[in-house]
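So this block is structure_17.cif, mmCIF, N, CA, C and O atoms:
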data_entry
loop_
_atom_site.group_PDB
_atom_site.id
_atom_site.type_symbol
_atom_site.label_atom_id
_atom_site.label_comp_id
_atom_site.auth_asym_id
_atom_site.auth_seq_id
_atom_site.Cartn_x
_atom_site.Cartn_y
_atom_site.Cartn_z
ATOM 1 N N MET S 222 0.845 -1.179 0.000
ATOM 2 C CA MET S 222 0.000 0.000 0.000
ATOM 3 C C MET S 222 0.888 1.240 0.000
ATOM 4 O O MET S 222 1.806 1.357 0.776
ATOM 5 N N SER S 223 0.613 2.146 -0.878
ATOM 6 C CA SER S 223 1.401 3.358 -1.006
ATOM 7 C C SER S 223 0.958 4.383 0.036
ATOM 8 O O SER S 223 -0.225 4.589 0.262
ATOM 9 N N THR S 224 1.917 5.052 0.662
ATOM 10 C CA THR S 224 1.578 6.084 1.650
ATOM 11 C C THR S 224 1.508 7.462 1.011
ATOM 12 O O THR S 224 1.215 8.435 1.676
ATOM 13 N N SER S 225 1.759 7.537 -0.304
ATOM 14 C CA SER S 225 1.713 8.837 -0.973
ATOM 15 C C SER S 225 0.283 9.256 -1.306
ATOM 16 O O SER S 225 0.028 10.411 -1.589
ATOM 17 N N GLN S 226 -0.646 8.299 -1.288
ATOM 18 C CA GLN S 226 -2.036 8.611 -1.584
ATOM 19 C C GLN S 226 -2.750 9.027 -0.298
ATOM 20 O O GLN S 226 -2.592 8.395 0.728
ATOM 21 N N PRO S 227 -3.543 10.093 -0.353
ATOM 22 C CA PRO S 227 -4.281 10.477 0.845
ATOM 23 C C PRO S 227 -5.344 9.446 1.181
ATOM 24 O O PRO S 227 -5.909 8.803 0.302
ATOM 25 N N ASP S 228 -5.605 9.283 2.455
ATOM 26 C CA ASP S 228 -6.624 8.350 2.915
ATOM 27 C C ASP S 228 -7.981 8.993 2.670
ATOM 28 O O ASP S 228 -8.303 10.034 3.213
ATOM 29 N N ALA S 229 -8.816 8.368 1.864
ATOM 30 C CA ALA S 229 -10.117 8.927 1.495
ATOM 31 C C ALA S 229 -11.071 8.995 2.677
ATOM 32 O O ALA S 229 -12.037 9.742 2.650
ATOM 33 N N SER S 230 -10.815 8.233 3.728
ATOM 34 C CA SER S 230 -11.721 8.244 4.874
ATOM 35 C C SER S 230 -11.465 9.430 5.799
ATOM 36 O O SER S 230 -12.275 9.726 6.661
ATOM 37 N N ARG S 231 -10.330 10.104 5.636
ATOM 38 C CA ARG S 231 -10.025 11.266 6.472
ATOM 39 C C ARG S 231 -10.372 12.542 5.725
ATOM 40 O O ARG S 231 -10.190 12.628 4.524
ATOM 41 N N PRO S 232 -10.874 13.556 6.459
ATOM 42 C CA PRO S 232 -11.142 14.834 5.794
ATOM 43 C C PRO S 232 -9.843 15.476 5.338
ATOM 44 O O PRO S 232 -8.788 15.276 5.930
ATOM 45 N N SER S 233 -9.924 16.235 4.289
ATOM 46 C CA SER S 233 -8.719 16.878 3.784
ATOM 47 C C SER S 233 -8.263 17.960 4.752
ATOM 48 O O SER S 233 -9.059 18.556 5.459
ATOM 49 N N GLU S 234 -6.981 18.172 4.776
ATOM 50 C CA GLU S 234 -6.424 19.192 5.656
ATOM 51 C C GLU S 234 -6.651 20.565 5.044
ATOM 52 O O GLU S 234 -6.768 20.723 3.839
ATOM 53 N N ALA S 235 -6.700 21.571 5.907
ATOM 54 C CA ALA S 235 -6.899 22.941 5.443
ATOM 55 C C ALA S 235 -5.673 23.392 4.660
ATOM 56 O O ALA S 235 -4.539 23.129 5.044
ATOM 57 N N GLY S 236 -5.922 24.048 3.581
ATOM 58 C CA GLY S 236 -4.833 24.551 2.756
ATOM 59 C C GLY S 236 -4.425 25.949 3.186
ATOM 60 O O GLY S 236 -5.053 26.556 4.053
ATOM 61 N N PRO S 237 -3.378 26.478 2.594
ATOM 62 C CA PRO S 237 -2.940 27.826 2.926
ATOM 63 C C PRO S 237 -4.050 28.836 2.636
ATOM 64 O O PRO S 237 -4.717 28.772 1.615
ATOM 65 N N GLY S 238 -4.268 29.737 3.569
ATOM 66 C CA GLY S 238 -5.275 30.772 3.386
ATOM 67 C C GLY S 238 -6.700 30.302 3.640
ATOM 68 O O GLY S 238 -7.639 31.063 3.472
ATOM 69 N N ASP S 239 -6.851 29.047 4.033
ATOM 70 C CA ASP S 239 -8.184 28.515 4.322
ATOM 71 C C ASP S 239 -8.505 28.800 5.787
ATOM 72 O O ASP S 239 -7.995 28.148 6.674
ATOM 73 N N ASP S 240 -9.358 29.769 6.039
ATOM 74 C CA ASP S 240 -9.699 30.170 7.401
ATOM 75 C C ASP S 240 -10.802 29.260 7.924
ATOM 76 O O ASP S 240 -11.958 29.392 7.557
ATOM 77 N N ARG S 241 -10.426 28.321 8.777
ATOM 78 C CA ARG S 241 -11.386 27.358 9.301
ATOM 79 C C ARG S 241 -11.659 27.580 10.782
ATOM 80 O O ARG S 241 -12.282 26.747 11.414
ATOM 81 N N ALA S 242 -11.211 28.672 11.353
ATOM 82 C CA ALA S 242 -11.442 28.941 12.774
ATOM 83 C C ALA S 242 -12.894 29.327 12.995
ATOM 84 O O ALA S 242 -13.488 30.053 12.210
ATOM 85 N N THR S 243 -13.463 28.809 14.076
ATOM 86 C CA THR S 243 -14.845 29.133 14.426
ATOM 87 C C THR S 243 -14.862 30.460 15.177
ATOM 88 O O THR S 243 -14.106 30.634 16.125
ATOM 89 N N PRO S 244 -15.714 31.395 14.754
ATOM 90 C CA PRO S 244 -15.791 32.673 15.467
ATOM 91 C C PRO S 244 -16.190 32.464 16.921
ATOM 92 O O PRO S 244 -16.971 31.567 17.254
ATOM 93 N N ASP S 245 -15.669 33.287 17.814
ATOM 94 C CA ASP S 245 -15.890 33.148 19.247
ATOM 95 C C ASP S 245 -17.371 33.147 19.604
ATOM 96 O O ASP S 245 -17.811 32.387 20.456
ATOM 97 N N ASP S 246 -18.166 33.982 18.950
ATOM 98 C CA ASP S 246 -19.580 34.062 19.318
ATOM 99 C C ASP S 246 -20.351 32.785 18.983
ATOM 100 O O ASP S 246 -21.436 32.556 19.495
ATOM 101 N N LEU S 247 -19.778 31.911 18.159
ATOM 102 C CA LEU S 247 -20.421 30.646 17.840
ATOM 103 C C LEU S 247 -19.974 29.511 18.761
ATOM 104 O O LEU S 247 -20.559 28.437 18.741
ATOM 105 N N LEU S 248 -18.964 29.747 19.567
ATOM 106 C CA LEU S 248 -18.440 28.705 20.433
ATOM 107 C C LEU S 248 -19.253 28.526 21.702
ATOM 108 O O LEU S 248 -19.185 27.496 22.341
ATOM 109 N N HIS S 249 -20.000 29.515 22.100
ATOM 110 C CA HIS S 249 -20.750 29.431 23.343
ATOM 111 C C HIS S 249 -21.963 28.532 23.168
ATOM 112 O O HIS S 249 -22.643 28.570 22.156
ATOM 113 N N ALA S 250 -22.242 27.725 24.171
ATOM 114 C CA ALA S 250 -23.278 26.707 24.051
ATOM 115 C C ALA S 250 -24.656 27.171 24.505
ATOM 116 O O ALA S 250 -25.622 26.480 24.283
ATOM 117 N N ARG S 251 -24.752 28.296 25.167
ATOM 118 C CA ARG S 251 -26.049 28.724 25.680
ATOM 119 C C ARG S 251 -26.986 29.008 24.520
ATOM 120 O O ARG S 251 -26.632 29.631 23.542
ATOM 121 N N THR S 252 -28.229 28.548 24.647
ATOM 122 C CA THR S 252 -29.190 28.657 23.556
ATOM 123 C C THR S 252 -30.153 29.812 23.727
ATOM 124 O O THR S 252 -31.144 29.897 23.013
ATOM 125 N N GLY S 253 -29.916 30.696 24.679
ATOM 126 C CA GLY S 253 -30.820 31.808 24.901
ATOM 127 C C GLY S 253 -31.916 31.466 25.885
ATOM 128 O O GLY S 253 -32.734 32.308 26.213
ATOM 129 N N THR S 254 -31.941 30.235 26.364
ATOM 130 C CA THR S 254 -32.921 29.850 27.366
ATOM 131 C C THR S 254 -32.381 30.167 28.747
ATOM 132 O O THR S 254 -31.208 30.469 28.924
ATOM 133 N N ASP S 255 -33.265 30.091 29.721
ATOM 134 C CA ASP S 255 -32.832 30.344 31.093
ATOM 135 C C ASP S 255 -31.799 29.307 31.522
ATOM 136 O O ASP S 255 -31.857 28.147 31.133
ATOM 137 N N VAL S 256 -30.870 29.756 32.342
ATOM 138 C CA VAL S 256 -29.834 28.877 32.867
ATOM 139 C C VAL S 256 -30.254 28.465 34.273
ATOM 140 O O VAL S 256 -30.502 29.317 35.119
ATOM 141 N N SER S 257 -30.331 27.176 34.506
ATOM 142 C CA SER S 257 -30.724 26.683 35.825
ATOM 143 C C SER S 257 -29.482 26.401 36.663
ATOM 144 O O SER S 257 -28.380 26.220 36.116
ATOM 145 N N PRO S 258 -29.644 26.355 37.977
ATOM 146 C CA PRO S 258 -28.504 25.967 38.818
ATOM 147 C C PRO S 258 -27.945 24.595 38.431
ATOM 148 O O PRO S 258 -26.737 24.390 38.462
ATOM 149 N N GLU S 259 -28.827 23.675 38.030
ATOM 150 C CA GLU S 259 -28.366 22.350 37.603
ATOM 151 C C GLU S 259 -27.473 22.450 36.371
ATOM 152 O O GLU S 259 -26.462 21.752 36.273
ATOM 153 N N ASP S 260 -27.830 23.325 35.435
ATOM 154 C CA ASP S 260 -27.003 23.532 34.242
ATOM 155 C C ASP S 260 -25.596 23.974 34.632
ATOM 156 O O ASP S 260 -24.599 23.493 34.096
ATOM 157 N N LEU S 261 -25.543 24.905 35.566
ATOM 158 C CA LEU S 261 -24.255 25.452 35.987
ATOM 159 C C LEU S 261 -23.416 24.399 36.705
ATOM 160 O O LEU S 261 -22.211 24.293 36.466
ATOM 161 N N VAL S 262 -24.048 23.618 37.570
ATOM 162 C CA VAL S 262 -23.330 22.561 38.290
ATOM 163 C C VAL S 262 -22.751 21.548 37.302
ATOM 164 O O VAL S 262 -21.578 21.180 37.393
ATOM 165 N N LEU S 263 -23.554 21.115 36.351
ATOM 166 C CA LEU S 263 -23.082 20.122 35.384
ATOM 167 C C LEU S 263 -22.000 20.687 34.477
ATOM 168 O O LEU S 263 -21.034 19.992 34.144
ATOM 169 N N ALA S 264 -22.125 21.947 34.078
ATOM 170 C CA ALA S 264 -21.101 22.565 33.226
ATOM 171 C C ALA S 264 -19.775 22.691 33.965
ATOM 172 O O ALA S 264 -18.715 22.661 33.344
ATOM 173 N N ALA S 265 -19.841 22.809 35.283
ATOM 174 C CA ALA S 265 -18.620 22.907 36.082
ATOM 175 C C ALA S 265 -18.003 21.533 36.343
ATOM 176 O O ALA S 265 -16.926 21.449 36.933
ATOM 177 N N GLY S 266 -18.695 20.472 35.910
ATOM 178 C CA GLY S 266 -18.166 19.129 36.108
ATOM 179 C C GLY S 266 -18.368 18.615 37.520
ATOM 180 O O GLY S 266 -17.678 17.701 37.965
ATOM 181 N N ARG S 267 -19.314 19.190 38.228
ATOM 182 C CA ARG S 267 -19.585 18.782 39.604
ATOM 183 C C ARG S 267 -20.812 17.880 39.660
ATOM 184 O O ARG S 267 -21.628 17.859 38.748
ATOM 185 N N ASP S 268 -20.938 17.166 40.761
ATOM 186 C CA ASP S 268 -22.132 16.362 41.015
ATOM 187 C C ASP S 268 -23.257 17.277 41.478
ATOM 188 O O ASP S 268 -23.016 18.289 42.148
ATOM 189 N N VAL S 269 -24.483 16.907 41.146
ATOM 190 C CA VAL S 269 -25.639 17.684 41.582
ATOM 191 C C VAL S 269 -25.936 17.301 43.034
ATOM 192 O O VAL S 269 -26.516 16.247 43.303
ATOM 193 N N THR S 270 -25.479 18.132 43.942
ATOM 194 C CA THR S 270 -25.714 17.943 45.375
ATOM 195 C C THR S 270 -26.314 19.235 45.913
ATOM 196 O O THR S 270 -26.211 20.290 45.267
ATOM 197 N N PRO S 271 -26.935 19.192 47.070
ATOM 198 C CA PRO S 271 -27.485 20.431 47.640
ATOM 199 C C PRO S 271 -26.430 21.534 47.800
ATOM 200 O O PRO S 271 -26.702 22.706 47.532
ATOM 201 N N GLN S 272 -25.217 21.158 48.184
ATOM 202 C CA GLN S 272 -24.158 22.161 48.356
ATOM 203 C C GLN S 272 -23.772 22.789 47.016
ATOM 204 O O GLN S 272 -23.582 24.002 46.919
ATOM 205 N N ASN S 273 -23.642 21.972 45.984
ATOM 206 C CA ASN S 273 -23.273 22.489 44.672
ATOM 207 C C ASN S 273 -24.407 23.308 44.054
ATOM 208 O O ASN S 273 -24.148 24.287 43.351
ATOM 209 N N LEU S 274 -25.637 22.916 44.299
ATOM 210 C CA LEU S 274 -26.770 23.707 43.800
ATOM 211 C C LEU S 274 -26.811 25.070 44.474
ATOM 212 O O LEU S 274 -27.107 26.076 43.823
ATOM 213 N N GLU S 275 -26.494 25.114 45.759
ATOM 214 C CA GLU S 275 -26.454 26.410 46.452
ATOM 215 C C GLU S 275 -25.335 27.281 45.896
ATOM 216 O O GLU S 275 -25.500 28.478 45.688
ATOM 217 N N TRP S 276 -24.177 26.673 45.613
ATOM 218 C CA TRP S 276 -23.073 27.402 44.986
ATOM 219 C C TRP S 276 -23.524 27.997 43.651
ATOM 220 O O TRP S 276 -23.255 29.157 43.343
ATOM 221 N N ALA S 277 -24.227 27.178 42.865
ATOM 222 C CA ALA S 277 -24.676 27.625 41.549
ATOM 223 C C ALA S 277 -25.714 28.737 41.665
ATOM 224 O O ALA S 277 -25.697 29.690 40.883
ATOM 225 N N ARG S 278 -26.614 28.639 42.646
ATOM 226 C CA ARG S 278 -27.611 29.705 42.844
ATOM 227 C C ARG S 278 -26.929 31.030 43.178
ATOM 228 O O ARG S 278 -27.299 32.078 42.646
ATOM 229 N N ARG S 279 -25.934 30.976 44.045
ATOM 230 C CA ARG S 279 -25.197 32.207 44.402
ATOM 231 C C ARG S 279 -24.461 32.765 43.184
ATOM 232 O O ARG S 279 -24.466 33.967 42.937
ATOM 233 N N LYS S 280 -23.828 31.880 42.421
ATOM 234 C CA LYS S 280 -23.074 32.309 41.237
ATOM 235 C C LYS S 280 -24.017 32.934 40.199
ATOM 236 O O LYS S 280 -23.692 33.969 39.612
ATOM 237 N N LEU S 281 -25.183 32.318 39.991
ATOM 238 C CA LEU S 281 -26.155 32.877 39.045
ATOM 239 C C LEU S 281 -26.698 34.215 39.545
ATOM 240 O O LEU S 281 -26.929 35.128 38.747
ATOM 241 N N ALA S 282 -26.896 34.345 40.842
ATOM 242 C CA ALA S 282 -27.379 35.614 41.393
ATOM 243 C C ALA S 282 -26.340 36.712 41.197
ATOM 244 O O ALA S 282 -26.689 37.865 40.912
ATOM 245 N N ASP S 283 -25.066 36.370 41.350
ATOM 246 C CA ASP S 283 -23.990 37.358 41.207
ATOM 247 C C ASP S 283 -23.683 37.689 39.748
ATOM 248 O O ASP S 283 -23.472 38.850 39.399
ATOM 249 N N GLU S 284 -23.621 36.668 38.891
ATOM 250 C CA GLU S 284 -23.128 36.848 37.525
ATOM 251 C C GLU S 284 -24.204 36.738 36.449
ATOM 252 O O GLU S 284 -23.944 37.084 35.294
ATOM 253 N N GLY S 285 -25.353 36.210 36.793
ATOM 254 C CA GLY S 285 -26.400 36.022 35.795
ATOM 255 C C GLY S 285 -26.065 34.870 34.863
ATOM 256 O O GLY S 285 -25.153 34.085 35.132
ATOM 257 N N PRO S 286 -26.792 34.760 33.748
ATOM 258 C CA PRO S 286 -26.577 33.650 32.811
ATOM 259 C C PRO S 286 -25.168 33.595 32.223
ATOM 260 O O PRO S 286 -24.731 32.550 31.754
ATOM 261 N N SER S 287 -24.446 34.703 32.255
ATOM 262 C CA SER S 287 -23.083 34.689 31.705
ATOM 263 C C SER S 287 -22.158 33.801 32.532
ATOM 264 O O SER S 287 -21.066 33.448 32.067
ATOM 265 N N ALA S 288 -22.578 33.406 33.741
ATOM 266 C CA ALA S 288 -21.773 32.482 34.540
ATOM 267 C C ALA S 288 -21.548 31.170 33.787
ATOM 268 O O ALA S 288 -20.475 30.585 33.861
ATOM 269 N N LEU S 289 -22.556 30.750 33.025
ATOM 270 C CA LEU S 289 -22.420 29.530 32.239
ATOM 271 C C LEU S 289 -21.434 29.731 31.099
ATOM 272 O O LEU S 289 -20.618 28.852 30.809
ATOM 273 N N ASP S 290 -21.484 30.890 30.457
ATOM 274 C CA ASP S 290 -20.566 31.175 29.347
ATOM 275 C C ASP S 290 -19.116 31.157 29.812
ATOM 276 O O ASP S 290 -18.220 30.809 29.040
ATOM 277 N N LYS S 291 -18.874 31.531 31.051
ATOM 278 C CA LYS S 291 -17.508 31.557 31.574
ATOM 279 C C LYS S 291 -16.968 30.151 31.799
ATOM 280 O O LYS S 291 -15.758 29.949 31.810
ATOM 281 N N LEU S 292 -17.865 29.188 31.974
ATOM 282 C CA LEU S 292 -17.435 27.811 32.212
ATOM 283 C C LEU S 292 -17.268 27.011 30.933
ATOM 284 O O LEU S 292 -16.501 26.055 30.877
ATOM 285 N N LEU S 293 -18.023 27.388 29.910
ATOM 286 C CA LEU S 293 -18.009 26.640 28.662
ATOM 287 C C LEU S 293 -17.191 27.370 27.602
ATOM 288 O O LEU S 293 -17.088 28.588 27.629
ATOM 289 N N PRO S 294 -16.632 26.594 26.675
ATOM 290 C CA PRO S 294 -15.861 27.240 25.599
ATOM 291 C C PRO S 294 -16.726 28.089 24.696
ATOM 292 O O PRO S 294 -17.882 27.955 24.587
#

Can you turn what I pasted into structure tokens?
Amino acid sequence: MSTSQPDASRPSEAGPGDDRATPDDLLHARTGTDVSPEDLVLAAGRDVTPQNLEWARRKLADEGPSALDKLLP
């Protein structure tokens, strides 16, 4: 098998001048819906416990829905 042929199962690599970067405003996962304390706890990688839910409620009260944007890419 020749290694000079590109593997058809792999996507082609970006060529010079091919801008494939995703704009920052498209990277955020929030859909415009309300952010719940459970959403914030899970986005932080924590278990849903009463203590973590209280942490999330305080964080949402202080920072609003943007608290989720700060945790997610």

- Quick one: residues within 8 Å of Asp268 (chain S), all atoms listed in the file counted, chain neighbours fewer than 6 positions away excluded, as a list in words? Glu259, Val262 and Leu274 of chain S

Axis-aligned box for region 273-291 of chain S, 8 Å per side, centre and edges in Å as AutoDock Vina command-line options:
--center_x -21.7 --center_y 30.4 --center_z 37.7 --size_x 27.9 --size_y 32.9 --size_z 33.4

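Within the 9 Å cut-off around Pro286 (chain S), using only C-alpha atoms and omitting residues fewer than 5 positions from it on the same chain, the listed residues are Arg251, Asp255, Val256, Ser257 and Leu281 of chain S.
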
#### Entry: 8 Å contact set for Ala265 (chain S), all atoms listed in the file, chain neighbours under 6 positions out, as a list of chain:residue names
S:Pro258, S:Glu259, S:Ala288, S:Leu289, S:Leu292, S:Leu293

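The spacing separating atom O of Asn273 (chain S) from atom N of Leu261 (chain S) amounts to 7.9 Å.
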
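Taking CA of Glu275 (chain S) as the reference point, CA of Pro294 (chain S) is found at 23.4 Å.
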
What separates atom N of Val269 (chain S) and atom O of Gly285 (chain S) is a distance of 18.2 Å
